[in-house]
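Novice: Dropping a structure here in structure tokens format, bear with me for questions.
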Amino acid sequence: MTDSWANLGLDVHLERAGRRVRAGLEGSLREAVQTGRLLPGTRLPPSRTLARDLGVARNTVAEAYGQLVAEGWLAARRGSGTVVAEQAAHVAAPERSAAAGEPRIRYDLRPGRPDLGMFPRAAWLGATRRALADAPDAALGYGDPRGVPELRQALAGYLGRVRGVRASADVVVVCTGFVQALGLVCRVAAAAGARRIGVEARGLDQHRAVAARTGLEIARVAVDADGAVVEALGDADLALLTPAHQFPMGVPLAPGRRRAAVDWASTGGRLIVEDDYDGEFRYDRRAVGAMQALAPDRIVYAGTASKSLAPGLRLAWMVAPAELVGALAEEKALADSGSAVIDQLALAHLIRSGGYDRHVRRCRLTYQRRRERLVTALGRGVPGARVVGVPAGLHVLVELPGGMAEADVVAAAARRGVAVLGLDAFGGGDRPALVVGYATPPEHAFTTAVARLMAALAEAG
Ligand SMILES: Cc1ncc(COP(=O)(O)O)c(C=O)c1O
């Protein structure tokens, strides 16, 4: 059905596709602004008038106006109603002008990244200053490939206190990101005769590739509502799991599965790599402790600063079974002769001073609020969508309502300058879904990022 809207002296056609009247109205208005048919400063009819003209509910028009205000196409002015925003031309321009014809990313809702604007620069500077002031010259040489003793000590205490990890400084190995930790474990295991590694069927390609490069055969293990189906690990020699918060499905490994995984590892001297990539961020209650405590001699616990501080630090750590530490240290020495000392010392100071805890608490509050805002917006804007998993981490899995295709939403989002990924990017699932990272946009851009994602979902619906 097509309505003609002549009040403005313009012949703006509103395609009203079935039930999605509001989405149709939004799309038509947005398009009219984008193409210059509605010029900046143009006053729109009051929502009551337009609703009457179109024969739709007033709320539908008010919500469409609200959405376009949030996206920056329209502006609501006290006393003069709703007008086409002066800067609407600028909103449109960058998205359409990228050199290769590709839309420019203005809002990054891909999973896996923290808000880099929250990096505790002052605290890090202070910690680095202290580290340099305290460190003797000898500390700046090649050191223990496992990492500087100060950081290994600080991490052992921190991980025991916060994640329940059974750790002493001796068995901590500092790495250049989790990605290196995984590579080291796989190489050591392969050298000891391991042939197959069980990897969650939904996860990061990069991690599978790292394991495959060491010569291990990859066995994909299904993931369901209880996490990885560990019963299917079968005759693999080691496994890579995300027990606290499966990536990307967002579910924790169920208690029975945790026990089954430990039993599997304990029989036959197998190993589990526990990727605790976002264990600090649980919002509804205290996070379930690390699985490593159930079998410290079979589980390599691994954590990273990539979510809690910044990926650019390239700092991660593992707590390894004592019998593996020597071989891991040897591999680490071969890989890079040890991680950067000054950053390690700075992190040790940050942890010891309580600055790391304070920073994590601040991030936790921010990310929790963002998650709630995103989930509320989804509930209102896309009633058929289902948010899967526990409130934790920096991303949420959103199953799309019937008939909506991942690729359509991703493309509609890209046209609005929003980068978001479908579950396909992580191995796919039974139903179309988005993996939305809510931590990356700076705070001031978050509302618009969500509004644009909602607009994309409405368009694809
Ligand atoms: C599932 C998962 N594990 C681990 C990491 C951390 O990797 P790294 O420490 O190499 O930055 C990430 C980061 O995105 C991740 O998504």
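Quick note on naming: the chains in the structure tokens go A, B, ... in the order shown, residues restart at 1 in each chain, and ligands are numbered from 1 in order of appearance.
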For ligand 1, list the contacting residues at 8 Å or closer, counting only C-alpha atoms and all ligand atoms, as an MDAnalysis selection string.
Specialist: chainID A and resid 111:113 176:180 203:204 242 246:248 275:278 303:307 311:312 314:316
Novice: May I have all residues of segment 284-452 of chain A that DSSP, computed from the backbone, assigns to helix (DSSP H, G or I), given as a ChimeraX atom specification?
Specialist: /A:291-294,305-308,311-313,322-336,341-353,355-381,406-415,423-426,443-452
Novice: Can you list, as a list in words, all residues belonging to segment 374-450 of chain A that DSSP tags as strand (DSSP E)?
Specialist: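 Matching residues for strand (DSSP E) in segment 374-450 of chain A are Arg386, Val387, Val388, His395, Val396, Leu397, Val398, Glu399, Val418, Ala419, Leu421, Gly422, Ala433, Leu434, Val435, Val436 and Gly437 of chain A.
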Novice: Pull N, CA and C atoms from the residues just selected and write them as a short mmCIF file (atom, residue, chain, number, x, y, z; two decimals), in the first residue's frame.
Specialist:
data_model
loop_
_atom_site.label_atom_id
_atom_site.label_comp_id
_atom_site.auth_asym_id
_atom_site.auth_seq_id
_atom_site.Cartn_x
_atom_site.Cartn_y
_atom_site.Cartn_z
N ARG A 386 15.37 -13.13 20.35
CA ARG A 386 15.61 -13.80 21.64
C ARG A 386 17.08 -13.64 22.01
N VAL A 387 17.28 -13.10 23.22
CA VAL A 387 18.65 -12.93 23.70
C VAL A 387 19.06 -14.21 24.40
N VAL A 388 20.17 -14.79 23.96
CA VAL A 388 20.60 -16.09 24.49
C VAL A 388 21.78 -15.89 25.44
N HIS A 395 29.60 -9.22 24.90
CA HIS A 395 28.78 -9.43 23.71
C HIS A 395 27.50 -10.17 24.08
N VAL A 396 26.54 -10.11 23.19
CA VAL A 396 25.30 -10.83 23.42
C VAL A 396 24.92 -11.52 22.11
N LEU A 397 24.35 -12.72 22.25
CA LEU A 397 23.88 -13.44 21.07
C LEU A 397 22.38 -13.18 20.93
N VAL A 398 21.98 -12.70 19.77
CA VAL A 398 20.57 -12.36 19.54
C VAL A 398 20.03 -13.24 18.42
N GLU A 399 19.14 -14.15 18.76
CA GLU A 399 18.50 -14.96 17.73
C GLU A 399 17.44 -14.12 17.05
N VAL A 418 27.18 0.83 10.65
CA VAL A 418 27.31 -0.03 11.83
C VAL A 418 27.93 -1.36 11.43
N ALA A 419 29.02 -1.73 12.09
CA ALA A 419 29.61 -3.05 11.85
C ALA A 419 29.08 -4.01 12.89
N LEU A 421 28.27 -8.53 13.37
CA LEU A 421 28.52 -9.83 12.72
C LEU A 421 27.39 -10.81 13.01
N GLY A 422 27.14 -11.68 12.05
CA GLY A 422 26.18 -12.76 12.25
C GLY A 422 26.89 -13.97 12.84
N ALA A 433 21.29 -15.57 13.73
CA ALA A 433 21.53 -14.80 14.96
C ALA A 433 22.62 -13.77 14.71
N LEU A 434 22.61 -12.75 15.55
CA LEU A 434 23.67 -11.75 15.52
C LEU A 434 24.52 -11.91 16.78
N VAL A 435 25.81 -11.65 16.64
CA VAL A 435 26.68 -11.61 17.81
C VAL A 435 27.04 -10.13 17.99
N VAL A 436 26.41 -9.50 18.96
CA VAL A 436 26.55 -8.05 19.09
C VAL A 436 27.51 -7.71 20.23
N GLY A 437 28.57 -7.04 19.90
CA GLY A 437 29.51 -6.56 20.93
C GLY A 437 29.06 -5.18 21.36
#
Novice: Which residue out of A:Ala425, A:Leu313, A:Ala346, A:Val375 has the minimum interatomic distance to Ala123 of chain A when only C-alpha atoms are used?
Specialist: A:Ala346
Novice: Nearest residue to Val251 of chain A out of A:Gly143, A:Pro391, A:Arg129, A:Leu328, using only C-alpha atoms?
Specialist: A:Pro391
Novice: Skipping near chain neighbours, those fewer than 5 positions away, what residues fall within 8 Å of Gln67 of chain A using only C-alpha atoms, listed as JSON, numbers by chain?
Specialist: {"A": [26, 451, 455]}
Novice: Restricting it to N, CA, C and O atoms, dump the selection as a JSON list (two decimals), in the first residue's frame.
Specialist:
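Listed below is the output, part.json:
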[["chain", "number", "residue", "atom", "x", "y", "z"],
["A", 26, "GLU", "N", 9.84, 5.07, 8.70],
["A", 26, "GLU", "CA", 11.22, 5.48, 9.00],
["A", 26, "GLU", "C", 12.08, 5.42, 7.75],
["A", 26, "GLU", "O", 12.82, 6.34, 7.43],
["A", 451, "ALA", "N", 20.49, 2.60, 18.19],
["A", 451, "ALA", "CA", 19.35, 3.05, 17.37],
["A", 451, "ALA", "C", 19.54, 2.62, 15.92],
["A", 451, "ALA", "O", 18.59, 2.19, 15.25],
["A", 455, "ALA", "N", 17.28, 0.18, 13.62],
["A", 455, "ALA", "CA", 16.75, 0.58, 12.30],
["A", 455, "ALA", "C", 17.09, -0.50, 11.27],
["A", 455, "ALA", "O", 16.27, -0.83, 10.40]]
Novice: For Ala348 of chain A, which residue out of A:Ala265, A:Ala445, A:Val33, A:Ala127 is the nearest one, using only C-alpha atoms?
Specialist: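 Residue with the minimum atom-to-atom distance to Ala348 of chain A: A:Ala127.
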Novice: Enter the distance from atom CA of Phe446 of chain A to atom CA of Gly428 of chain A, in Å, rounded to one decimal.
Specialist: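 Separation of atom CA of Phe446 of chain A and atom CA of Gly428 of chain A: 26.6 Å.
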